[in-house]
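Notes follow once the structure below has been shown.
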Amino acid sequence: MSDRYEQFVGSDPGIIVELVDDSVSPYLVRTDDGFEFFINADDFRDYYRKEGTRTLQRWAHLVTDPDKASVDVRKMAKVMDVLSSFEEVFQDFDKSRAFVREALQAIGDGARAEVGKARRQLEETGWDTADLTDAHWKMLSTIADDLRGLLLSDHCAVLRRFPDLPDIGNDEHRSEGQATPRPRPSAKKTPTKVASKGRVGGMKNVAMDLQENNLIITVDLSKEFGPSKSGKTIIVASTEGNKTVPGRTEKIGLNVYREQDKKGAKGRRSSFKNVEMAVEGDRLSITVDLSKEFGPSKSGKTTIIASTGGNQLVYGRVEKIGLNVYRKME
């Protein structure tokens with residue numbers, strides 16, 4: 001009998017499938033009622049786990065059901081909507097995450113209308129709430145119970161600085177029993193090409209130039225590539241996954257986006273962990289010193305070179321940027 005796998009990420013996690021054929025990609029799977037369908041090898045590896053095994057660690061901060069260790073993306077979207085509204089005020093995701101948890105604790109479960117008392121309590125403990133609007137407090141005091149439970153938890157949406165960013169298709173994320181996929185004969189894949197001016201095939205609005213050990217990344221902030229899959233943001237630039245820096249062994253993952261119909265605050269920081277930003281008009285220039293290192297990632301399989309530490313506002317702009325540069329450990 002073939003191995004059985006459970007979907008743990010999606011809008012309705014929990015479907016069980018039997019892995020019929022994983023010799024080529026896409027994989028052939030079958031449900032308990034006999035329905036057969038194909039799943040892309042990467043999607044299967046990312047969203048399914050073998051029955052009885054744990055959820056991949058890199059999904060831990062998105063788990064919405066601790067008992068099943070599953071991720072309901074609809075609930076997480078609502079959680080992130082709440083946190084994003086506070087991130088606009090505090091200009092830091094970790095800070096906004098901590099504030100929301102403490103604010104919900106202060107408001108309490110039985111007297112959510114007493115936000116004035118909660119606000120004074122938070123200010124006494126050092127929180128600056130001057131920039132929060134009535135809408136922010138109303139959001140916290142009327143939040144649904146299921147979302148409130150997630151925001152009060154110690155695991156949900158708790159980001160780890162400088163996360164490990166394995167290359168797409170890395171064997172460390174392949175479940176036990178899954179073979180390295182070979183493409184089906186009918187599926188043709190265009191090889192990645194390095195074009196002039198440091199543009200790598202498959203990227204959007206990202207140019208890279210290497211000047212000795214300095215990697216210079218250029219993005220035109222006036223460009224747009226339509227809405228993201230969630231429809232909540234506009235894509236401005238992306239490496240479309242983790243790509244190898246031309247002529248180097250380091251890998252880079254970059255995303256720049258703009259929130260839909262939100263003016264929001266503007267970035268105040270031009271420097272992050274080995275990430276220097278400069279903006280001239282609509283031209284964003286990012287400099288990374290590839291000779292620097294900041295130690296191993298939590299998995300110990302990569303060395304951190306540079307990171308914005310999550311999604312941050314571009315200096316002087318409303319766009320947000322997420323950047324990680326790393327090198328695999330030898």
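For the structure tokens, the naming scheme is as follows: chains receive sequential letters (A, B, ...) according to their order of presentation, residues are indexed from 1 within each chain, and ligands are indexed from 1 in presentation order.
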Name all residues at most 6 Å from A:Thr287 (count only C-alpha atoms; drop same-chain ones fewer than 2 positions away) and give them as a VMD selection string. chain A and resid 215 to 216 275 to 276
What gap, in Å, lies between atom CA of A:Arg54 and atom CA of A:Gly14?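 Computing it gives 13.6 Å between the two atoms.
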Identify which of the residues A:Val158, A:Met329, A:Phe38, A:Ala278 lies closest to A:Arg58, counting only C-alpha atoms when measuring atom-to-atom distances.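 Ranked by minimum distance to A:Arg58, first place goes to A:Val158.
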